[in-house]
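**Q** Structure file upload.txt, compact mmCIF, C-alpha atoms, is pasted below:
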# COMPACT_ATOMS: atom_id res chain seq x y z
CA MET W 1 0.00 0.00 0.00
CA THR W 2 1.43 3.39 -0.99
CA ALA W 3 1.43 6.55 1.11
CA LYS W 4 -1.38 7.92 -1.05
CA GLU W 5 -3.59 4.94 -0.17
CA ARG W 6 -2.75 4.70 3.53
CA PRO W 7 -4.98 6.69 5.90
CA GLN W 8 -2.79 9.38 7.43
CA PRO W 9 -3.09 10.92 10.89
CA ASP W 10 -3.54 14.68 10.88
CA PRO W 11 -0.06 16.18 11.27
CA ARG W 12 -1.61 19.32 12.76
CA ASN W 13 -2.58 17.55 16.00
CA SER W 14 0.45 19.15 17.58
CA ILE W 15 1.55 22.22 19.49
CA ASP W 16 4.12 22.79 16.75
CA ASN W 17 3.18 26.08 15.07
CA ARG W 18 5.81 26.01 12.35
CA PRO W 19 4.40 26.09 8.79
CA ILE W 20 4.56 22.71 7.07
CA VAL W 21 6.49 22.97 3.79
CA GLY W 22 6.24 20.14 1.30
CA ILE W 23 9.44 19.77 -0.73
CA THR W 24 9.08 18.07 -4.09
CA THR W 25 12.40 16.31 -4.58
CA GLY W 26 12.57 16.96 -8.33
CA ASP W 27 13.92 14.77 -11.08
CA PRO W 28 15.42 11.70 -9.35
CA ALA W 29 18.15 11.48 -12.00
CA GLY W 30 19.26 15.03 -11.25
CA ILE W 31 20.41 17.08 -8.27
CA GLY W 32 16.95 17.38 -6.70
CA PRO W 33 17.16 14.52 -4.17
CA GLU W 34 20.63 15.59 -3.05
CA ILE W 35 19.84 19.26 -2.46
CA SER W 36 16.50 18.42 -0.86
CA LEU W 37 18.14 16.12 1.67
CA LYS W 38 20.93 18.61 2.37
CA ALA W 39 18.35 21.35 2.86
CA VAL W 40 16.34 19.45 5.50
CA ALA W 41 19.61 18.53 7.23
CA ASP W 42 20.27 22.24 7.78
CA GLN W 43 18.98 23.18 11.24
CA SER W 44 18.28 26.76 10.10
CA VAL W 45 15.56 25.29 7.86
CA SER W 46 13.88 23.19 10.53
CA ALA W 47 14.05 26.15 12.92
CA ILE W 48 11.55 28.13 10.84
CA CYS W 49 9.40 25.43 9.21
CA ARG W 50 8.49 21.75 9.34
CA PRO W 51 9.99 20.39 6.10
CA VAL W 52 8.47 17.30 4.52
CA LEU W 53 10.10 15.57 1.56
CA ILE W 54 7.83 14.31 -1.23
CA GLY W 55 9.46 11.54 -3.24
CA ASP W 56 10.40 7.88 -3.26
CA ALA W 57 11.54 6.94 0.27
CA ARG W 58 13.66 3.99 -0.80
CA PHE W 59 15.62 6.06 -3.31
CA LEU W 60 15.92 9.04 -0.93
CA SER W 61 17.32 6.70 1.71
CA GLU W 62 19.83 5.44 -0.84
CA VAL W 63 20.93 8.99 -1.66
CA LYS W 64 21.05 9.90 2.04
CA GLU W 65 23.45 7.04 2.69
CA CYS W 66 25.69 8.18 -0.16
CA LEU W 67 25.77 11.68 1.34
CA ASP W 68 26.44 10.27 4.83
CA LEU W 69 23.68 12.38 6.38
CA ALA W 70 22.96 11.52 10.00
CA PHE W 71 19.18 11.49 10.26
CA ASP W 72 16.40 8.97 9.80
CA LEU W 73 13.52 9.17 7.32
CA THR W 74 10.07 8.72 8.85
CA ASP W 75 6.51 8.78 7.52
CA PHE W 76 4.80 12.16 7.47
CA GLY W 77 2.34 12.42 10.34
CA GLU W 78 3.75 9.38 12.10
CA SER W 79 4.45 11.54 15.14
CA SER W 80 3.61 15.08 16.14
CA ASP W 81 6.92 15.22 17.99
CA ILE W 82 9.57 15.28 15.27
CA HIS W 83 13.12 15.38 16.60
CA PRO W 84 16.17 16.87 14.84
CA GLY W 85 17.40 13.36 14.06
CA LYS W 86 14.39 12.59 11.87
CA CYS W 87 13.08 13.86 8.54
CA GLU W 88 9.50 13.34 7.43
CA VAL W 89 8.78 11.87 4.01
CA ILE W 90 5.65 11.34 1.94
CA ASP W 91 6.53 8.16 0.09
CA LEU W 92 5.01 7.83 -3.38
CA ALA W 93 7.04 4.65 -3.96
CA ASN W 94 7.05 5.38 -7.69
CA LEU W 95 10.60 4.38 -8.64
CA PRO W 96 10.76 0.63 -9.31
CA GLU W 97 14.53 0.97 -9.68
CA SER W 98 17.11 3.67 -9.08
CA PRO W 99 17.50 5.93 -12.12
CA LEU W 100 20.75 6.45 -13.99
CA ILE W 101 22.07 9.75 -12.71
CA GLY W 102 22.26 12.42 -15.39
CA VAL W 103 20.22 10.43 -17.91
CA GLU W 104 16.87 11.75 -19.16
CA SER W 105 14.08 9.19 -18.97
CA ALA W 106 10.30 8.83 -18.96
CA ALA W 107 10.43 7.07 -15.58
CA ALA W 108 12.30 9.94 -13.93
CA GLY W 109 10.07 12.56 -15.54
CA ARG W 110 6.89 10.74 -14.57
CA ALA W 111 8.08 10.43 -10.96
CA ALA W 112 8.96 14.13 -10.77
CA GLY W 113 5.54 15.08 -12.15
CA GLU W 114 3.80 12.87 -9.60
CA TYR W 115 5.66 14.61 -6.77
CA ILE W 116 4.30 17.97 -7.95
CA ILE W 117 0.74 16.65 -8.27
CA ALA W 118 0.93 15.08 -4.81
CA ALA W 119 2.20 18.33 -3.30
CA VAL W 120 -0.67 20.35 -4.73
CA ASP W 121 -3.18 17.73 -3.51
CA LEU W 122 -1.67 17.94 -0.01
CA TRP W 123 -1.93 21.72 -0.08
CA LYS W 124 -5.53 21.62 -1.33
CA ASN W 125 -6.42 19.26 1.50
CA GLY W 126 -4.81 21.54 4.09
CA ARG W 127 -2.10 19.07 5.06
CA ILE W 128 0.77 21.37 4.11
CA ASP W 129 1.02 25.16 4.09
CA ALA W 130 3.43 25.74 1.21
CA ILE W 131 5.43 24.01 -1.51
CA ALA W 132 9.12 24.33 -2.32
CA THR W 133 10.44 22.63 -5.43
CA ALA W 134 13.73 21.01 -6.37
CA PRO W 135 14.77 21.12 -10.06
CA ILE W 136 13.04 19.12 -12.77
CA ASN W 137 14.27 18.15 -16.21
CA LYS W 138 11.88 19.51 -18.84
CA ARG W 139 12.76 16.83 -21.39
CA SER W 140 12.24 13.99 -18.92
CA LEU W 141 8.99 15.60 -17.78
CA SER W 142 7.79 15.55 -21.39
CA LEU W 143 8.89 11.93 -21.86
CA GLY W 144 6.92 11.11 -18.70
CA GLY W 145 3.72 12.48 -20.22
CA TYR W 146 3.60 16.02 -18.81
CA GLU W 147 3.65 18.70 -21.50
CA PHE W 148 4.61 21.70 -19.39
CA PRO W 149 7.64 23.92 -20.05
CA GLY W 150 8.26 24.25 -16.32
CA HIS W 151 6.90 24.39 -12.77
CA THR W 152 5.08 27.67 -13.36
CA GLU W 153 2.68 26.32 -15.98
CA PHE W 154 2.33 22.98 -14.17
CA PHE W 155 1.20 24.67 -10.95
CA ALA W 156 -1.15 26.97 -12.85
CA GLN W 157 -2.91 24.00 -14.46
CA LEU W 158 -3.18 22.09 -11.18
CA THR W 159 -4.65 25.07 -9.33
CA GLY W 160 -6.94 26.27 -12.12
CA THR W 161 -5.06 29.56 -12.34
CA ASP W 162 -5.53 31.51 -15.57
CA ARG W 163 -3.37 34.52 -14.75
CA PHE W 164 0.17 33.99 -13.51
CA ALA W 165 3.74 35.07 -14.12
CA MET W 166 7.22 33.84 -13.33
CA SER W 167 9.23 36.16 -11.12
CA PHE W 168 12.50 36.14 -9.20
CA PHE W 169 13.14 37.78 -5.85
CA ALA W 170 16.80 38.57 -5.21
CA GLY W 171 17.07 40.93 -2.27
CA GLU W 172 15.84 44.32 -3.45
CA LEU W 173 15.74 43.07 -7.05
CA ARG W 174 12.40 41.63 -8.12
CA VAL W 175 12.10 40.66 -11.76
CA VAL W 176 8.91 39.64 -13.59
CA LEU W 177 9.16 37.83 -16.93
CA LEU W 178 7.04 38.50 -20.00
CA SER W 179 7.85 35.07 -21.49
CA THR W 180 9.47 31.97 -20.01
CA HIS W 181 10.71 28.82 -21.74
CA VAL W 182 10.27 29.63 -25.43
CA SER W 183 12.72 30.21 -28.25
CA LEU W 184 14.28 33.66 -28.46
CA ARG W 185 12.54 34.27 -31.79
CA ASN W 186 9.14 33.48 -30.25
CA ALA W 187 10.00 35.55 -27.18
CA ILE W 188 10.57 38.61 -29.37
CA ASP W 189 7.25 38.03 -31.13
CA ALA W 190 5.55 37.90 -27.70
CA VAL W 191 6.47 41.52 -26.95
CA THR W 192 3.24 43.31 -27.88
CA ILE W 193 1.45 46.35 -26.46
CA GLU W 194 -1.33 44.14 -25.12
CA SER W 195 0.88 41.49 -23.51
CA LEU W 196 3.24 44.00 -21.93
CA SER W 197 0.57 46.35 -20.58
CA ASP W 198 -1.27 43.35 -19.15
CA LEU W 199 1.91 42.15 -17.41
CA ILE W 200 2.67 45.61 -15.99
CA GLU W 201 -0.86 45.85 -14.55
CA PHE W 202 -0.58 42.33 -13.14
CA THR W 203 2.85 43.09 -11.61
CA ASP W 204 1.52 46.27 -10.03
CA ARG W 205 -1.43 44.42 -8.49
CA GLU W 206 0.45 41.37 -7.23
CA LEU W 207 3.56 43.07 -5.87
CA SER W 208 1.55 45.86 -4.24
CA ARG W 209 -0.38 43.11 -2.45
CA ILE W 210 2.74 41.17 -1.45
CA LEU W 211 4.80 44.19 -0.36
CA GLY W 212 1.92 46.09 1.18
CA LYS W 213 2.58 49.33 -0.69
CA ARG W 214 2.28 50.98 -4.09
CA VAL W 215 5.21 49.74 -6.13
CA SER W 216 7.42 51.43 -8.70
CA ILE W 217 8.11 49.40 -11.81
CA ALA W 218 10.85 49.70 -14.42
CA VAL W 219 10.58 48.10 -17.86
CA ALA W 220 13.67 46.77 -19.63
CA GLY W 221 14.06 47.46 -23.32
CA LEU W 222 14.24 44.58 -25.74
CA ASN W 223 17.18 45.77 -27.83
CA PRO W 224 20.71 46.86 -26.87
CA HIS W 225 20.59 50.23 -25.08
CA ALA W 226 16.78 50.12 -25.44
CA SER W 227 17.42 50.75 -29.18
CA GLU W 228 19.03 54.23 -28.81
CA ASN W 229 15.93 55.97 -30.14
CA GLY W 230 15.42 53.53 -32.98
CA MET W 231 19.03 52.97 -34.06
CA PHE W 232 19.03 49.28 -33.04
CA GLY W 233 15.41 48.21 -33.45
CA GLY W 234 11.87 49.51 -33.43
CA GLU W 235 10.16 47.53 -30.66
CA GLU W 236 10.75 50.15 -27.98
CA ALA W 237 8.93 52.88 -29.90
CA ALA W 238 6.28 50.64 -31.48
CA THR W 239 5.26 48.46 -28.53
CA ILE W 240 7.10 48.99 -25.24
CA SER W 241 6.68 52.76 -24.83
CA PRO W 242 2.95 52.69 -25.77
CA ALA W 243 2.35 49.91 -23.23
CA ILE W 244 4.09 51.93 -20.53
CA HIS W 245 2.09 55.03 -21.48
CA GLN W 246 -1.20 53.10 -21.24
CA CYS W 247 -0.33 51.89 -17.76
CA ARG W 248 0.79 55.31 -16.55
CA GLU W 249 -2.58 56.69 -17.61
CA LYS W 250 -4.16 54.12 -15.27
CA GLY W 251 -2.15 55.47 -12.36
CA ILE W 252 0.54 52.77 -12.31
CA ILE W 253 4.01 53.97 -11.29
CA VAL W 254 5.98 52.61 -14.23
CA SER W 255 8.81 53.98 -16.36
CA GLY W 256 11.12 52.94 -19.17
CA PRO W 257 12.11 51.38 -21.43
CA PHE W 258 15.55 51.34 -19.89
CA SER W 259 18.76 49.89 -21.26
CA PRO W 260 18.67 46.21 -20.23
CA ASP W 261 22.39 46.14 -19.44
CA THR W 262 21.99 48.53 -16.48
CA ILE W 263 18.38 48.44 -15.27
CA PHE W 264 18.70 45.19 -13.31
CA LEU W 265 21.60 46.58 -11.27
CA ARG W 266 19.53 49.70 -10.55
CA GLY W 267 16.72 47.45 -9.33
CA PHE W 268 19.18 45.47 -7.23
CA LYS W 269 20.27 48.70 -5.55
CA GLY W 270 16.65 49.47 -4.66
CA GLU W 271 15.85 52.22 -7.15
CA PHE W 272 12.72 50.34 -8.27
CA ASP W 273 10.51 47.75 -6.58
CA ALA W 274 10.42 45.56 -9.70
CA VAL W 275 11.81 45.25 -13.19
CA VAL W 276 9.71 43.79 -16.01
CA ALA W 277 11.93 41.77 -18.37
CA CYS W 278 11.07 41.08 -22.00
CA TYR W 279 12.32 37.48 -22.06
CA HIS W 280 13.67 34.68 -19.88
CA ASP W 281 17.44 35.00 -20.10
CA GLN W 282 17.34 38.79 -19.98
CA ALA W 283 16.02 38.35 -16.43
CA THR W 284 17.76 35.22 -15.24
CA ILE W 285 21.30 36.13 -16.31
CA ALA W 286 21.03 39.29 -14.23
CA VAL W 287 19.42 37.55 -11.24
CA LYS W 288 21.86 34.65 -11.18
CA SER W 289 24.89 36.87 -11.67
CA LEU W 290 23.86 39.13 -8.80
CA SER W 291 22.52 36.57 -6.34
CA PHE W 292 23.17 32.99 -7.37
CA GLY W 293 22.14 30.63 -4.60
CA SER W 294 20.07 33.18 -2.70
CA SER W 295 17.43 34.29 -5.21
CA VAL W 296 13.99 32.66 -5.16
CA ASN W 297 11.70 31.83 -8.10
CA VAL W 298 8.23 33.08 -7.10
CA THR W 299 5.14 32.32 -9.18
CA LEU W 300 2.92 35.42 -9.05
CA GLY W 301 -0.82 34.83 -9.14
Written as structure tokens, that's how I'd like the structure from this file.
**A**
Amino acid sequence: MTAKERPQPDPRNSIDNRPIVGITTGDPAGIGPEISLKAVADQSVSAICRPVLIGDARFLSEVKECLDLAFDLTDFGESSDIHPGKCEVIDLANLPESPLIGVESAAAGRAAGEYIIAAVDLWKNGRIDAIATAPINKRSLSLGGYEFPGHTEFFAQLTGTDRFAMSFFAGELRVVLLSTHVSLRNAIDAVTIESLSDLIEFTDRELSRILGKRVSIAVAGLNPHASENGMFGGEEAATISPAIHQCREKGIIVSGPFSPDTIFLRGFKGEFDAVVACYHDQATIAVKSLSFGSSVNVTLG
């Protein structure tokens, strides 16, 4: 009988007030299991939340032994008194054999997708308070039968969310992406007055709610130096500036387009509350250069 089928005691029958965070352990052939186990071994994590791994317990135990981590894996909800020497696991038992590390496969992708689905079900049923995700492999995910370009779209489908956006929080720098995992050619085509003005309005609404204040937003140009008044492209004048103008008329504090090679540093220094980026790598190169290992991918909406 799998963990899904077993009746589980309510983990909230406890005086422990820490939020319960379900950690999907990612693609089992990748780094997900390792970093998930190392994370729950860090006492600074367990000090602020009750972490629960979602994966295949047998394989996680195997990885734990390889890493020589000194704690035991125990069923989620088995006890309301979890000691530092134990880590809770929701065992989907969905890996008939250990995957080949670094090799894309349908089995690994299917397992990773099932961890995400299980996490959302646990959240819907009130058994966990939040979800943190370890990395997935998009190709393996596709081979496993899940046609999503990433976590963002997967979570949106599972929660029935129509409006959402990928963002990154890196200290004072908060970046919101117009497009995510698409080709650069398609990303350029996606920069329209309608799509950009919609994203600016959405960013204003969501970040004002999260930060508890009216936010100031900067918009990165698409072309080098934001095209230098049309010398290096026409998108800034034809689409980006009109979108910004439309939003300013609605009372949104937004400005730009700014040269993309400097605007992210200005956001990092706190000059703006958020920067809207025109495509994936425009945002992520800046975020990962400035705060690799400490930035957080946040799905707005």
**Q** Could you give me, as JSON lines, a per-residue list for stretch 131-199 of chain W showing, wherever an atom lies at most 10 Å from an atom of stretch 266-282 of chain W, the closest pair of atoms and their distance in Å to one decimal, using only C-alpha atoms and sorting by chain then residue number from low to high?
**A**
{"residue": "W:Met166", "atom": "CA", "partner": "W:His280", "partner_atom": "CA", "distance": 9.2}
{"residue": "W:Ser167", "atom": "CA", "partner": "W:Val276", "partner_atom": "CA", "distance": 9.1}
{"residue": "W:Phe168", "atom": "CA", "partner": "W:Ala274", "partner_atom": "CA", "distance": 9.7}
{"residue": "W:Phe169", "atom": "CA", "partner": "W:Ala274", "partner_atom": "CA", "distance": 9.1}
{"residue": "W:Ala170", "atom": "CA", "partner": "W:Phe268", "partner_atom": "CA", "distance": 7.6}
{"residue": "W:Gly171", "atom": "CA", "partner": "W:Phe268", "partner_atom": "CA", "distance": 7.0}
{"residue": "W:Glu172", "atom": "CA", "partner": "W:Phe268", "partner_atom": "CA", "distance": 5.2}
{"residue": "W:Leu173", "atom": "CA", "partner": "W:Phe268", "partner_atom": "CA", "distance": 4.2}
{"residue": "W:Arg174", "atom": "CA", "partner": "W:Ala274", "partner_atom": "CA", "distance": 4.7}
{"residue": "W:Val175", "atom": "CA", "partner": "W:Val275", "partner_atom": "CA", "distance": 4.8}
{"residue": "W:Val176", "atom": "CA", "partner": "W:Val276", "partner_atom": "CA", "distance": 4.9}
{"residue": "W:Leu177", "atom": "CA", "partner": "W:Ala277", "partner_atom": "CA", "distance": 5.0}
{"residue": "W:Leu178", "atom": "CA", "partner": "W:Cys278", "partner_atom": "CA", "distance": 5.2}
{"residue": "W:Ser179", "atom": "CA", "partner": "W:Tyr279", "partner_atom": "CA", "distance": 5.1}
{"residue": "W:Thr180", "atom": "CA", "partner": "W:His280", "partner_atom": "CA", "distance": 5.0}
{"residue": "W:His181", "atom": "CA", "partner": "W:His280", "partner_atom": "CA", "distance": 6.8}
{"residue": "W:Val182", "atom": "CA", "partner": "W:His280", "partner_atom": "CA", "distance": 8.2}
{"residue": "W:Ser183", "atom": "CA", "partner": "W:His280", "partner_atom": "CA", "distance": 9.5}
{"residue": "W:Leu184", "atom": "CA", "partner": "W:Tyr279", "partner_atom": "CA", "distance": 7.7}
{"residue": "W:Asn186", "atom": "CA", "partner": "W:Tyr279", "partner_atom": "CA", "distance": 9.7}
{"residue": "W:Ala187", "atom": "CA", "partner": "W:Tyr279", "partner_atom": "CA", "distance": 5.9}
{"residue": "W:Ile188", "atom": "CA", "partner": "W:Tyr279", "partner_atom": "CA", "distance": 7.6}
{"residue": "W:Ala190", "atom": "CA", "partner": "W:Cys278", "partner_atom": "CA", "distance": 8.5}
{"residue": "W:Val191", "atom": "CA", "partner": "W:Cys278", "partner_atom": "CA", "distance": 6.8}
{"residue": "W:Leu196", "atom": "CA", "partner": "W:Cys278", "partner_atom": "CA", "distance": 8.4}
{"residue": "W:Leu199", "atom": "CA", "partner": "W:Val276", "partner_atom": "CA", "distance": 8.1}
**Q** With a distance cut-off of 12 Å and only C-alpha atoms, select the neighbouring residues of W:Leu100, excluding the residue or stretch itself and same-chain residues fewer than 2 positions from it, and output the selection as a list of chain:residue names.
**A** W:Asp27, W:Pro28, W:Ala29, W:Gly30, W:Phe59, W:Leu95, W:Glu97, W:Ser98, W:Gly102, W:Val103, W:Glu104, W:Ser105, W:Ala106, W:Ala107, W:Ala108
**Q** Figure out the distance between atom CA of W:Ser289 and atom CA of W:Ile31, please, to one decimal in Å.
**A** 20.6 Å
**Q** Leaving out stretch 35-43 of chain W and any residue of its chain fewer than 4 positions from it, which residues lie within 9 Å of it when counting all atoms listed in the file, given as a ChimeraX atom specification?
**A** /W:23-26,31,47-48,51-53,60,63-64,67,69-71,84-85,87,133-134
**Q** Extract, using all atoms listed in the file, all DNA, RNA and protein residues at most 8 Å from W:Gly145, discarding same-chain residues fewer than 2 positions from it, and format them as a list of chain:residue names.
**A**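 What passes the distance filter is W:Ala106, W:Gly109, W:Arg110, W:Leu141, W:Ser142, W:Leu143, W:Glu147.
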**Q** Please identify all polymer residues within 7 Å of W:Ala93, counting only C-alpha atoms, omitting same-chain residues fewer than 2 positions from it, and present them as a list in words.
**A**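 Listed by chain and then number, they are Thr2, Asp56, Ala57, Asp91 and Leu95 of chain W.
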**Q** Those same residues - C-alpha atoms - I'd like them written as a short mmCIF file (atom, residue, chain, number, x, y, z; two decimals), keeping the file's coordinate frame.
**A**
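Written out: out32.cif:
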data_model
loop_
_atom_site.label_atom_id
_atom_site.label_comp_id
_atom_site.auth_asym_id
_atom_site.auth_seq_id
_atom_site.Cartn_x
_atom_site.Cartn_y
_atom_site.Cartn_z
CA THR W 2 1.43 3.39 -0.99
CA ASP W 56 10.40 7.88 -3.26
CA ALA W 57 11.54 6.94 0.27
CA ASP W 91 6.53 8.16 0.09
CA LEU W 95 10.60 4.38 -8.64
#
